[in-house]
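Worksheet for the structure shown next.
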Amino acid sequence: MALAVAGWMLAAWAGLALALFGAFETTDYRRDWSKLTDLAAGTSGESPINQAMLAAQRYWLSATPGDRATVEQRLTAARRAAPDSPALRMLEARWAAHHHKPAEAAVHLAELAAQANWDDAPSRLGLAIDIALQQGRIEDAQKLLTESARQTDWALLAQYALLMDKTGQTELADRAYQDAEDLLSSKAMRDFAWLELQRGYLALSHGDAGAAEAHYRLALRAYSGYWLAADYWGEWLAAQRRYAEAVAVYRQLALCTRKPEFYQSLGDLYQFLGQSEPAKYWHDKALDFYLDATRNGQTQYYHHLAALYANAYLDGTNASAWARLDLEQRPNAVSHDALAWALFRDGQIQAAVAHARAALSYRWEDAHLYGHAGMILLAAGFDAEGRTALERARQINPHYDDFHAHR
């Protein structure tokens with residue numbers, strides 16, 4: 001499949017701009033979203049579980065706040081109508097995992113496993129791996145990803161690729177993404193674009209901007225109008241110091257999607273450029289949304305709040321509070337890193353050191369994690385340990401201190 005679309009690598013910038021936001025109603029993304037919207041409009045006679053599943057399909061495509069609210073409403077109705085439905089149980093498990101509630105997702109998955117009339121092995125296995133990774137159980141995730149399990153499912157291969165990358169096996173990771181692409185049908189262009197984005201991010205996170213550009217351009221052309229591709233492209237532009245173009249991309253994303261993550265990214269970019277007034281405007285918009293969402297149980301924003309308070313507002317006290325909540329739900333390397341950085345901002349250096357070391361103990365190969373740990377350890381007077389961590393950050397990605405979006 002990769003060979004069939006390799007010619008798109010030669011697309012001109014004008015074509016990419018069109019793929020991002022031009023001719024909006026004709027893009028691949030807009031066409032699929034409209035199709036799902038029309039289907040949803042015709043489901044008044046469908047069962048509540050089917051309505052919930054269709055709403056979820058639209059949300060997995062758009063990831064917008066409005067579509068998320070619709071899923072919540074449909075799930076409530078489905079729970080009343082068919083609380084023991086295996087399909088509902090699976091959807092509930094996925095929904096909990098998405099909202100960074102791995103323990104809750106695991107309960108749903110265990111109940112699903114007890115129902116002999118439900119057989120969706122790849123999906124259940126993929127969810128179990130996601131839960132294990134969120135909970136920092138890397139070895140358990142590796143055991144689940146046996147060769148026989150992953151060789152016929154592209155999504156499992158993608159999870160394997162992530163594990164290979166984060167355990168220091170970058171070439172194996174990219175090869176696994178390629179193998180995943182080979183398993184796709186020629187019609188699965190959104191899945192293909194997503195895999196190309198992962199390959200691009202893999203390259204960029206290891207300092208290879210040229211390879212990242214090639215993958216991102218291919219993703220933009222493979223599935224036009226995809227907001228996620230625009231997000232990765234905007235980050236790449238900023239990392240290449242093409243700041244005006246990056247700002248334009250993120251402004252368009254923020255205004256068109258109303259996703260708070262893009263408010264935060266745009267604020268971060270303005271802050272990176274030293275433009276405090278627009279940075280504060282967009283950071284405040286993100287903060288208002290996150291706080292309101294968490295009051296309604298949307299716990300997936302805990303880590304965003306921790307980063308926003310720590311980096312945008314330099315408020316270590318609030319950053320630590322949100323980081324602790326995230327760590328309670330997801331005791332993994334990234335959550336320990338977030339709490340370490342928040343405590344560092346709060347002047348609690350020794351506590352920050354403890355969590356920085358905890359983050360490093362997972363051997364999770366992430367340049368920013370090592371970069372944070374290095375600065376914290378140096379500040380605490382552990383010079384040799386700190387320099388070693390900073391050197392590891394540079395080895396993973398020589399450009400790790402360029403602009404990057406919080407994900």
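Convention: chains lettered A, B, ... in structure tokens order; per-chain residue numbering from 1; ligands numbered from 1 as shown.
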**Request:** Please run DSSP on the backbone and report, as number ranges by chain, all residues within region 231-341 of chain A that come out as alpha helix (DSSP H).
**Result:** A: 231-239, 243-257, 260-272, 276-295, 302-307, 316-329, 333-341
Fill in: Exercise: region 226-240 of chain A partners within 6 Å, only C-alpha atoms, chain neighbours under 6 positions left out, as a list in words
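Close residues of region 226-240 of chain A: Tyr29, Leu220, Ala246, Val249, Asp402 and Phe403 of chain A.
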| Who sits within 10 Å of region 367-376 of chain A, only C-alpha atoms, same chain under 6 positions skipped, as a PyMOL selection string | chain A and resi 205-206+333-334+336-338+340-341+343-345+349-350+352-360+382-401+404
From CA of Ala222 (chain A) to CA of Thr170 (chain A) the spacing works out at 24.1 Å
Skip Leu91 (chain A) itself and residues of its chain fewer than 4 positions away, then list as a list in words all residues within 10 Å of it, counting only C-alpha atoms.
->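 Neighbouring residues, sequence-local ones excluded: Ile49, Ala52, Met53, Ala56, Leu75, Ser85, Pro86, Ala87, Trp95, Ala96, Ala97, Ala105, His108 and Leu109 of chain A.
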Practice prompt. For CA of Glu196 (chain A) and CA of Ala209 (chain A), determine how far apart the two atoms are, in Å to one decimal place.
Written response: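 It comes out at 14.0 Å.
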**Surrounding residues of Asn318 (chain A) excluding itself and chain neighbours under 6 positions, 8 Å, only C-alpha atoms, as a PyMOL selection string** = chain A and resi 306+309-310
Exercise for review: Write out as a ChimeraX atom specification each polymer residue whose atoms come within 8 Å of region 121-129 of chain A, counting only C-alpha atoms; drop sequence neighbours fewer than 2 positions from it.
Suggested key: /A:90,93-94,97,106,109,119,131-133,140-141,144-145,149,153,155-156,159
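In this comparison, which uses only C-alpha atoms, the residue of A:Glu92, A:Glu147, A:Asp268, A:Glu261 approaching Arg407 (chain A) most closely is A:Glu261.
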Of the listed residues A:Gln275, A:Asn311, A:Gln300, A:Gln142, that which approaches Asp326 (chain A) most closely, counting only C-alpha atoms:
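Smallest distance to Asp326 (chain A) is found for A:Gln300.
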As a check of understanding: the span from CA of Glu181 (chain A) to CA of Thr146 (chain A) is 18.7 Å
Notebook entry, point to check: Of the residues A:Leu314, A:Ala173, A:Ala405, A:Ala63, which is the one nearest to Tyr263 (chain A), using only C-alpha atoms?
Noted result: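 Comparing A:Leu314, A:Ala173, A:Ala405, A:Ala63 against Tyr263 (chain A), the winner is A:Ala405.
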### Task
Fewer than 2 positions away in the same chain doesn't count, so skip those; otherwise give me all residues within 10 Å of Phe262 (chain A), counting only C-alpha atoms, as a list in words.
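Within the cut-off, the hits are Asp231, Val249, Tyr250, Arg251, Gln252, Leu253, Ala254, Leu255, Thr257, Arg258, Lys259, Pro260, Gln264, Ser265, Leu266, Gly267, Asp268, Trp282, His283, Ala286, Ala405 and His406 of chain A.
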Dump as a short mmCIF file (atom, residue, chain, number, x, y, z; two decimals), in the first residue's frame, selection limited to N, CA, C and O atoms:
```
data_model
loop_
_atom_site.label_atom_id
_atom_site.label_comp_id
_atom_site.auth_asym_id
_atom_site.auth_seq_id
_atom_site.Cartn_x
_atom_site.Cartn_y
_atom_site.Cartn_z
N ASP A 231 -2.42 19.13 13.19
CA ASP A 231 -1.78 19.31 14.48
C ASP A 231 -0.30 18.92 14.40
O ASP A 231 0.60 19.69 14.80
N VAL A 249 -1.53 27.68 11.37
CA VAL A 249 -2.13 26.34 11.45
C VAL A 249 -2.85 26.16 12.79
O VAL A 249 -4.01 25.72 12.84
N TYR A 250 -2.18 26.53 13.88
CA TYR A 250 -2.79 26.31 15.19
C TYR A 250 -3.96 27.26 15.45
O TYR A 250 -4.93 26.88 16.13
N ARG A 251 -3.90 28.47 14.91
CA ARG A 251 -5.06 29.36 15.04
C ARG A 251 -6.26 28.77 14.32
O ARG A 251 -7.38 28.78 14.84
N GLN A 252 -6.03 28.23 13.13
CA GLN A 252 -7.12 27.63 12.37
C GLN A 252 -7.69 26.41 13.10
O GLN A 252 -8.90 26.22 13.18
N LEU A 253 -6.80 25.61 13.66
CA LEU A 253 -7.24 24.44 14.42
C LEU A 253 -8.07 24.86 15.64
O LEU A 253 -9.11 24.27 15.93
N ALA A 254 -7.59 25.85 16.36
CA ALA A 254 -8.29 26.30 17.56
C ALA A 254 -9.68 26.82 17.22
O ALA A 254 -10.67 26.50 17.89
N LEU A 255 -9.76 27.62 16.16
CA LEU A 255 -11.03 28.25 15.80
C LEU A 255 -12.01 27.27 15.18
O LEU A 255 -13.22 27.36 15.41
N THR A 257 -11.99 23.74 15.44
CA THR A 257 -12.34 22.56 16.23
C THR A 257 -12.83 22.91 17.64
O THR A 257 -13.54 22.12 18.24
N ARG A 258 -12.41 24.05 18.15
CA ARG A 258 -12.71 24.46 19.54
C ARG A 258 -12.22 23.42 20.54
O ARG A 258 -12.80 23.27 21.63
N LYS A 259 -11.18 22.73 20.18
CA LYS A 259 -10.58 21.77 21.10
C LYS A 259 -9.62 22.50 22.04
O LYS A 259 -8.76 23.24 21.57
N PRO A 260 -9.73 22.31 23.34
CA PRO A 260 -8.88 23.06 24.28
C PRO A 260 -7.41 22.72 24.13
O PRO A 260 -6.55 23.55 24.45
N GLN A 264 -4.30 25.41 24.07
CA GLN A 264 -3.06 25.28 24.84
C GLN A 264 -1.84 25.31 23.92
O GLN A 264 -0.85 26.00 24.21
N SER A 265 -1.89 24.57 22.82
CA SER A 265 -0.75 24.54 21.90
C SER A 265 -0.46 25.91 21.32
O SER A 265 0.70 26.31 21.19
N LEU A 266 -1.52 26.63 20.96
CA LEU A 266 -1.33 27.97 20.41
C LEU A 266 -0.75 28.90 21.47
O LEU A 266 0.16 29.69 21.19
N GLY A 267 -1.25 28.80 22.69
CA GLY A 267 -0.68 29.60 23.77
C GLY A 267 0.77 29.25 24.02
O GLY A 267 1.62 30.13 24.23
N ASP A 268 1.08 27.95 23.99
CA ASP A 268 2.47 27.52 24.19
C ASP A 268 3.37 28.08 23.10
O ASP A 268 4.51 28.48 23.37
N TRP A 282 -4.83 32.65 24.97
CA TRP A 282 -5.15 31.28 24.60
C TRP A 282 -4.96 30.31 25.77
O TRP A 282 -5.73 29.35 25.91
N HIS A 283 -4.00 30.58 26.62
CA HIS A 283 -3.85 29.73 27.80
C HIS A 283 -5.06 29.87 28.72
O HIS A 283 -5.54 28.87 29.29
N ALA A 286 -7.89 27.83 27.35
CA ALA A 286 -7.68 26.41 27.64
C ALA A 286 -7.98 26.11 29.10
O ALA A 286 -8.66 25.11 29.43
N ALA A 405 4.48 20.18 21.04
CA ALA A 405 3.13 20.28 21.56
C ALA A 405 2.93 19.28 22.69
O ALA A 405 3.41 18.15 22.62
N HIS A 406 2.21 19.69 23.71
CA HIS A 406 1.90 18.77 24.81
C HIS A 406 0.80 17.82 24.37
O HIS A 406 -0.24 18.24 23.88
#
```
